[in-house]
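These notes are about the structure you will find just below.
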Amino acid sequence: MLIVELGLKAALVFSFFFIIPYVVGCLPVLRWKWYRPGVASALVFGTVLLWAVFYVIAGPCALFRPPFFVLVTLVSVAWGLCVLVSLVTLGKKIWEPLRSLGQRLRRPALLPTLAVTCIIATVAVPVFLKHQDEDDAFYVVLATDAVQSGTIHGHAPYSGDPVGKSLGAGVSHERVLAPFHLLVAYYAAMTGVHPAITAHTVLPATLIPLAFAVYLLLARFLFPAREDHWVFLLIMCATLVFGGFSPWAGGAFLLLRIWQGKAVLAGIFLPLLFLLLMWAVSEGLDKRLWCALFTVVLAADLTTAMTFLFVPTLVAAFCLIILLRQRRMWSALVLLAAALPALAQGLAYRYPALFLKYFA
Amino acid sequence: MPNPLLTELAQLPNVLVWTLQRNTGEGFYHTLWLLALLYCLILVRRDDGRLRLVGMALLPLLAGWPLIVWLCRHYGVYRQYYPRFAWLLMVELLLAAAGADLVRRLRGGWRKTAALLALIASIGVCGQSLFTERFFQRSNPYKILDETIAVADHLAEKHPGARAYITREINVEIRQYDAAVLLVSGRGAAWHQLEQALTHDQWRDKVSQLMNRWKPFEIIVLTHVTDYEEKLNQLGWQVEKRIGRYDVYSRIDGT
């Protein structure tokens, strides 16, 4: 009985983190041409699209705090619609990236095997071993509380006292602006896995491979030859594993606490934005790329309130490059406009009373 | 009256040094990063615009860093956020990009293999492994202490809805497992206040001060120390259950 339950939960986890993002991701990749087609790009952009949808729903829910099941229902309906639209629009085309990957896998080579083994080993350590982080007393507790009490921000994370009508000191406005813990709670509720297990085991097993999918896209952008992609990933693996030089390093965040939103920003969203911005500078900014950028910024807003610091700064650096290299003021402004969700988050962070008048 | 802008600017160098110290950390990753940046800017072939772009994109971020830090200070962003600007410098990505380009420019399988191994070795020597001393064996799927689970289950069974003072290690974890547990002290200084009070010369006064300040609580969970047990006994608390290294206290009169 236990094995059946475990198998069912594993199947649900695989569906929510790989199958659904892949199916949804085929839409922007194959139909809207946001990026070159492939399994990695479909997974990455599918996850981004789903998280952006989640943020659009969870943002108001975090503010108005309906019962948790309302959020779960709304997100499930929205994600279900995304899957349906993708399946209806693409039909059999949805198998194309998988088919081409299958063909490549028939000719195994040493370097890809070595790189994939190293990546699996890197992922296995955070999945099978434990790392204590005191910030979990906040992030994981918020997710556990949502699932177990059925409320959104219903209790102060440290003490468990009811928050009451106004959030105030119980849950800071940063959590309302970036409700990543609600995403963890949603995954936990839908898969039936305890939120602590979801955070400490399921998310490292799914989000670290997602980060490597982003790094693979970066490798494809930088190097034309396939062999170089694997060399890039091997070195990337080494730099991440030996990235413990500072607790603030990106590698430390990715491998030690990927279940916290800030680690997702550092390990997944900033490299992805870097890739898209380099693409915009080298190939030119068009509508498709702008939509991809906007969606990535929107999804990045979900992770942490710090997004408003890092994303506009990164985008501004590339705007400067466009201004200096191509002398196109309009392109730079359009590019900057893609960071609007992060700028809006910054305004809400700086002036909470403007946006969050329901706050204490 | 001192000019506030000049005062802010005068404080900036200290903040920059503080941030830089945290970004460079231990080892020589920053040296490797600088070498990789120079490689991307100078040594990369002229026709390889994409790799050069990686280096170029990082230059304005590096040059504009003092301005960013000043803006953050000016607008009251937490100081703890500043070192995280290292994320924008794409340390791992830059090292991997420069390293992969170096390897691909070499001819011959042996040379490539030797260069790749040398690069990985130099990364290992200059960096600090995340996999040593930071990860531990887990004993349950929640990845929390077994004692935490036992304490939470005990409280849920015997004292549902009761408020508890719980010592630091279990305090961090218990609400991750069971969010229904109510705690006296949150994260921070309050974590050890009861232990500190109990070891004080005037421990009675200190403990009663704390009890008056905190919300009423019915349970105490502390690391097993005989001295704590004797003192708490005198104050009307008894050990209800021993769970591993921890003692669960409740009031002797049952209130």
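A note on labels: chains of the structure tokens are A, B, ... as shown, every chain counts residues from 1, and ligands are counted from 1 in their shown order.
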
Problem set entry | chain B contacts to chain A at 7 Å (only C-alpha atoms) as a PyMOL selection string | chain B and resi 22-27+50-51+57+60-61+83-84+86-88+92-93+96-97+100+104+120+123-124+127-131+134-138+141-143+172-173+175-177+179-187

For this session: Would you kindly return, as a ChimeraX atom specification, each protein, DNA or RNA residue with an atom no farther than 8 Å from any atom of B:Phe217, considering only C-alpha atoms and excluding same-chain residues fewer than 5 positions away?
Result: /B:162-165,184

Dump of N, CA and C atoms for the selected residues, as a short mmCIF file (atom, residue, chain, number, x, y, z; two decimals), in the first residue's frame:
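And here is the file that came out, out_9.cif:
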data_model
loop_
_atom_site.label_atom_id
_atom_site.label_comp_id
_atom_site.auth_asym_id
_atom_site.auth_seq_id
_atom_site.Cartn_x
_atom_site.Cartn_y
_atom_site.Cartn_z
N ALA B 162 -1.53 24.17 23.02
CA ALA B 162 -0.76 24.81 24.09
C ALA B 162 0.41 25.59 23.50
N ARG B 163 0.78 26.67 24.21
CA ARG B 163 1.93 27.46 23.75
C ARG B 163 3.19 26.93 24.44
N ALA B 164 4.30 26.93 23.70
CA ALA B 164 5.52 26.33 24.26
C ALA B 164 6.73 27.24 24.06
N TYR B 165 7.63 27.17 25.06
CA TYR B 165 8.97 27.76 24.84
C TYR B 165 9.85 26.60 24.39
N VAL B 184 6.49 30.62 21.97
CA VAL B 184 6.65 31.87 22.71
C VAL B 184 7.58 32.80 21.94
#

Using only C-alpha atoms, which residues sit within 8 Å of A:Ser41 once same-chain residues fewer than 3 positions away are excluded, as a compact mmCIF listing (two decimals) with N, CA and C atoms, in the first residue's frame?
# COMPACT_ATOMS: atom_id res chain seq x y z
N GLY A 25 5.15 24.44 -22.17
CA GLY A 25 6.33 25.10 -22.74
C GLY A 25 6.43 24.94 -24.24
N VAL A 29 7.52 27.84 -27.23
CA VAL A 29 8.73 27.47 -27.97
C VAL A 29 8.42 27.09 -29.42
N TYR A 35 11.91 30.84 -28.35
CA TYR A 35 13.28 30.36 -28.30
C TYR A 35 13.39 29.14 -29.21
N ARG A 36 14.63 28.71 -29.47
CA ARG A 36 14.83 27.52 -30.32
C ARG A 36 14.13 26.31 -29.71
N PRO A 37 13.44 25.50 -30.54
CA PRO A 37 12.73 24.35 -29.98
C PRO A 37 13.69 23.31 -29.39
N GLY A 38 13.23 22.66 -28.36
CA GLY A 38 14.02 21.62 -27.70
C GLY A 38 13.35 21.26 -26.39
N VAL A 44 11.97 24.85 -19.62
CA VAL A 44 12.30 26.14 -18.98
C VAL A 44 11.17 27.14 -19.20
N PHE A 45 10.75 27.32 -20.46
CA PHE A 45 9.75 28.35 -20.72
C PHE A 45 8.35 27.91 -20.26
N ALA A 213 19.10 23.00 -17.08
CA ALA A 213 18.48 23.19 -18.40
C ALA A 213 18.72 24.62 -18.89
N VAL A 214 18.65 25.58 -17.96
CA VAL A 214 18.95 26.98 -18.33
C VAL A 214 20.41 27.10 -18.75
N LEU A 217 20.89 25.92 -22.22
CA LEU A 217 20.46 26.92 -23.20
C LEU A 217 21.54 27.99 -23.37

For this session: List every residue of stretch 68-236 of chain B that DSSP, applied to the backbone, labels as strand (DSSP E or B), and write the result as a PyMOL selection string.
Result: chain B and resi 128+136+163-166+182-183+219-223

Exercise. Please, which residues of stretch 23-56 of chain A, numbered as in this document, come out alpha helix (DSSP H) from DSSP, as a ChimeraX atom specification?
Worked result: /A:23-26,39-56

Limited to N, CA, C and O atoms, could you put the picked residues into a file as a short mmCIF file (atom, residue, chain, number, x, y, z; two decimals), in the first residue's frame?
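As written to disk, part_15.cif reads:
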data_model
loop_
_atom_site.label_atom_id
_atom_site.label_comp_id
_atom_site.auth_asym_id
_atom_site.auth_seq_id
_atom_site.Cartn_x
_atom_site.Cartn_y
_atom_site.Cartn_z
N VAL A 23 4.55 20.30 -21.67
CA VAL A 23 3.40 20.47 -22.57
C VAL A 23 3.09 21.97 -22.76
O VAL A 23 2.92 22.45 -23.87
N VAL A 24 3.07 22.69 -21.64
CA VAL A 24 2.78 24.14 -21.72
C VAL A 24 3.93 24.86 -22.42
O VAL A 24 3.71 25.78 -23.22
N GLY A 25 5.15 24.44 -22.17
CA GLY A 25 6.33 25.10 -22.74
C GLY A 25 6.43 24.94 -24.24
O GLY A 25 7.08 25.75 -24.92
N CYS A 26 5.80 23.87 -24.79
CA CYS A 26 5.85 23.70 -26.25
C CYS A 26 5.13 24.84 -26.96
O CYS A 26 5.46 25.17 -28.09
N VAL A 39 13.72 20.12 -25.84
CA VAL A 39 13.09 19.70 -24.58
C VAL A 39 13.49 20.66 -23.45
O VAL A 39 12.64 21.06 -22.64
N ALA A 40 14.77 21.04 -23.43
CA ALA A 40 15.24 21.94 -22.36
C ALA A 40 14.51 23.28 -22.42
O ALA A 40 14.02 23.78 -21.39
N SER A 41 14.41 23.85 -23.63
CA SER A 41 13.76 25.16 -23.74
C SER A 41 12.27 25.05 -23.42
O SER A 41 11.69 25.95 -22.80
N ALA A 42 11.64 23.93 -23.82
CA ALA A 42 10.21 23.75 -23.51
C ALA A 42 9.99 23.67 -21.99
O ALA A 42 9.07 24.29 -21.46
N LEU A 43 10.87 22.92 -21.33
CA LEU A 43 10.75 22.79 -19.87
C LEU A 43 10.94 24.14 -19.18
O LEU A 43 10.18 24.52 -18.28
N VAL A 44 11.97 24.85 -19.62
CA VAL A 44 12.30 26.14 -18.98
C VAL A 44 11.17 27.14 -19.20
O VAL A 44 10.64 27.73 -18.24
N PHE A 45 10.75 27.32 -20.46
CA PHE A 45 9.75 28.35 -20.72
C PHE A 45 8.35 27.91 -20.26
O PHE A 45 7.51 28.76 -19.94
N GLY A 46 8.12 26.59 -20.22
CA GLY A 46 6.86 26.10 -19.66
C GLY A 46 6.76 26.45 -18.18
O GLY A 46 5.73 26.95 -17.71
N THR A 47 7.84 26.17 -17.46
CA THR A 47 7.85 26.50 -16.02
C THR A 47 7.68 28.00 -15.81
O THR A 47 6.91 28.43 -14.95
N VAL A 48 8.38 28.77 -16.63
CA VAL A 48 8.29 30.23 -16.50
C VAL A 48 6.86 30.71 -16.73
O VAL A 48 6.33 31.51 -15.96
N LEU A 49 6.24 30.18 -17.78
CA LEU A 49 4.88 30.59 -18.11
C LEU A 49 3.91 30.21 -16.98
O LEU A 49 3.05 31.01 -16.57
N LEU A 50 4.06 28.98 -16.48
CA LEU A 50 3.16 28.52 -15.41
C LEU A 50 3.35 29.35 -14.14
O LEU A 50 2.38 29.72 -13.47
N TRP A 51 4.58 29.68 -13.83
CA TRP A 51 4.85 30.48 -12.62
C TRP A 51 4.36 31.91 -12.79
O TRP A 51 3.92 32.53 -11.82
N ALA A 52 4.45 32.42 -14.02
CA ALA A 52 3.94 33.79 -14.25
C ALA A 52 2.42 33.80 -14.04
O ALA A 52 1.88 34.71 -13.41
N VAL A 53 1.74 32.76 -14.56
CA VAL A 53 0.29 32.63 -14.35
C VAL A 53 0.00 32.52 -12.85
O VAL A 53 -0.92 33.16 -12.32
N PHE A 54 0.81 31.72 -12.17
CA PHE A 54 0.63 31.55 -10.72
C PHE A 54 0.76 32.90 -10.01
O PHE A 54 -0.02 33.22 -9.12
N TYR A 55 1.74 33.69 -10.43
CA TYR A 55 1.97 34.98 -9.76
C TYR A 55 0.78 35.93 -9.96
O TYR A 55 0.39 36.64 -9.02
N VAL A 56 0.23 35.90 -11.17
CA VAL A 56 -0.92 36.77 -11.45
C VAL A 56 -2.09 36.42 -10.53
O VAL A 56 -2.83 37.29 -10.08
#

Problem set entry | Point-to-point distance from atom CA of A:Leu27 to atom CA of A:Ser86, Å rounded to tenths | 5.4 Å

For this session: Write out as a ChimeraX atom specification the residues lying within 8 Å of stretch 329-332 of chain A, counting only C-alpha atoms and excluding same-chain residues fewer than 2 positions away.
Result: /A:285,319-320,322-323,327,334-336

Go ahead and write the selection's residues with all heavy atoms as a PDB file, in the first residue's frame.
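Output below, filename result_30.pdb:
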ATOM      1  N   LEU A 285      16.097  42.957 -30.729  1.00  0.00           N
ATOM      2  CA  LEU A 285      14.908  42.748 -29.892  1.00  0.00           C
ATOM      3  C   LEU A 285      13.661  42.764 -30.776  1.00  0.00           C
ATOM      4  O   LEU A 285      13.406  43.733 -31.472  1.00  0.00           O
ATOM      5  CB  LEU A 285      14.834  43.853 -28.833  1.00  0.00           C
ATOM      6  CG  LEU A 285      13.703  43.764 -27.823  1.00  0.00           C
ATOM      7  CD1 LEU A 285      13.878  42.577 -26.903  1.00  0.00           C
ATOM      8  CD2 LEU A 285      13.643  45.043 -26.988  1.00  0.00           C
ATOM      9  N   CYS A 319      20.704  47.669 -21.529  1.00  0.00           N
ATOM     10  CA  CYS A 319      20.218  48.878 -22.229  1.00  0.00           C
ATOM     11  C   CYS A 319      21.404  49.787 -22.552  1.00  0.00           C
ATOM     12  O   CYS A 319      21.486  50.366 -23.641  1.00  0.00           O
ATOM     13  CB  CYS A 319      19.221  49.633 -21.360  1.00  0.00           C
ATOM     14  SG  CYS A 319      17.646  48.818 -21.211  1.00  0.00           S
ATOM     15  N   LEU A 320      22.313  49.877 -21.600  1.00  0.00           N
ATOM     16  CA  LEU A 320      23.509  50.708 -21.786  1.00  0.00           C
ATOM     17  C   LEU A 320      24.343  50.182 -22.960  1.00  0.00           C
ATOM     18  O   LEU A 320      24.843  50.957 -23.782  1.00  0.00           O
ATOM     19  CB  LEU A 320      24.330  50.692 -20.493  1.00  0.00           C
ATOM     20  CG  LEU A 320      25.311  51.827 -20.301  1.00  0.00           C
ATOM     21  CD1 LEU A 320      24.589  53.143 -20.156  1.00  0.00           C
ATOM     22  CD2 LEU A 320      26.167  51.572 -19.058  1.00  0.00           C
ATOM     23  N   ILE A 322      23.214  48.479 -25.502  1.00  0.00           N
ATOM     24  CA  ILE A 322      22.488  48.793 -26.743  1.00  0.00           C
ATOM     25  C   ILE A 322      22.722  50.255 -27.129  1.00  0.00           C
ATOM     26  O   ILE A 322      22.971  50.583 -28.298  1.00  0.00           O
ATOM     27  CB  ILE A 322      20.978  48.504 -26.579  1.00  0.00           C
ATOM     28  CG1 ILE A 322      20.756  46.988 -26.550  1.00  0.00           C
ATOM     29  CG2 ILE A 322      20.161  49.134 -27.693  1.00  0.00           C
ATOM     30  CD1 ILE A 322      19.307  46.572 -26.420  1.00  0.00           C
ATOM     31  N   LEU A 323      22.679  51.118 -26.115  1.00  0.00           N
ATOM     32  CA  LEU A 323      22.885  52.548 -26.381  1.00  0.00           C
ATOM     33  C   LEU A 323      24.298  52.809 -26.906  1.00  0.00           C
ATOM     34  O   LEU A 323      24.489  53.577 -27.852  1.00  0.00           O
ATOM     35  CB  LEU A 323      22.663  53.357 -25.105  1.00  0.00           C
ATOM     36  CG  LEU A 323      21.220  53.713 -24.768  1.00  0.00           C
ATOM     37  CD1 LEU A 323      21.157  54.433 -23.444  1.00  0.00           C
ATOM     38  CD2 LEU A 323      20.614  54.582 -25.865  1.00  0.00           C
ATOM     39  N   ARG A 327      23.486  52.500 -30.598  1.00  0.00           N
ATOM     40  CA  ARG A 327      22.948  53.869 -30.534  1.00  0.00           C
ATOM     41  C   ARG A 327      21.448  53.903 -30.862  1.00  0.00           C
ATOM     42  O   ARG A 327      20.985  54.703 -31.662  1.00  0.00           O
ATOM     43  CB  ARG A 327      23.715  54.794 -31.468  1.00  0.00           C
ATOM     44  CG  ARG A 327      25.185  54.787 -31.170  1.00  0.00           C
ATOM     45  CD  ARG A 327      25.920  55.939 -31.765  1.00  0.00           C
ATOM     46  NE  ARG A 327      27.346  55.771 -31.574  1.00  0.00           N
ATOM     47  CZ  ARG A 327      27.984  55.973 -30.438  1.00  0.00           C
ATOM     48  NH1 ARG A 327      27.337  56.382 -29.382  1.00  0.00           N
ATOM     49  NH2 ARG A 327      29.289  55.777 -30.348  1.00  0.00           N
ATOM     50  N   VAL A 334      12.469  50.157 -25.007  1.00  0.00           N
ATOM     51  CA  VAL A 334      11.559  48.999 -25.121  1.00  0.00           C
ATOM     52  C   VAL A 334      12.075  47.861 -24.249  1.00  0.00           C
ATOM     53  O   VAL A 334      11.302  47.180 -23.573  1.00  0.00           O
ATOM     54  CB  VAL A 334      11.441  48.561 -26.605  1.00  0.00           C
ATOM     55  CG1 VAL A 334      10.674  47.247 -26.723  1.00  0.00           C
ATOM     56  CG2 VAL A 334      10.743  49.638 -27.416  1.00  0.00           C
ATOM     57  N   LEU A 335      13.394  47.671 -24.285  1.00  0.00           N
ATOM     58  CA  LEU A 335      13.985  46.616 -23.458  1.00  0.00           C
ATOM     59  C   LEU A 335      13.743  46.895 -21.975  1.00  0.00           C
ATOM     60  O   LEU A 335      13.388  45.997 -21.210  1.00  0.00           O
ATOM     61  CB  LEU A 335      15.490  46.535 -23.738  1.00  0.00           C
ATOM     62  CG  LEU A 335      16.239  45.374 -23.076  1.00  0.00           C
ATOM     63  CD1 LEU A 335      15.697  44.043 -23.554  1.00  0.00           C
ATOM     64  CD2 LEU A 335      17.720  45.456 -23.369  1.00  0.00           C
ATOM     65  N   LEU A 336      13.909  48.149 -21.604  1.00  0.00           N
ATOM     66  CA  LEU A 336      13.707  48.524 -20.200  1.00  0.00           C
ATOM     67  C   LEU A 336      12.251  48.282 -19.775  1.00  0.00           C
ATOM     68  O   LEU A 336      11.982  47.916 -18.624  1.00  0.00           O
ATOM     69  CB  LEU A 336      14.084  49.997 -19.998  1.00  0.00           C
ATOM     70  CG  LEU A 336      14.301  50.450 -18.556  1.00  0.00           C
ATOM     71  CD1 LEU A 336      15.456  49.694 -17.924  1.00  0.00           C
ATOM     72  CD2 LEU A 336      14.560  51.943 -18.489  1.00  0.00           C
TER      73      LEU A 336
END

For this session: Rank B:Pro66, B:Gly99, B:Gly244, B:Gly161 by their smallest atom-to-atom distance to B:Ser122, using only C-alpha atoms, and report the top residue only.
Result: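 The answer is B:Gly99, which sits nearest to B:Ser122.
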
Exercise. If you count only C-alpha atoms, which residues fall within 10 Å of A:Pro341, apart from same-chain ones fewer than 3 positions away, as a VMD selection string?
Worked result: chain A and resid 294 to 301 307 to 308 311 to 312 337 to 338 344 to 347
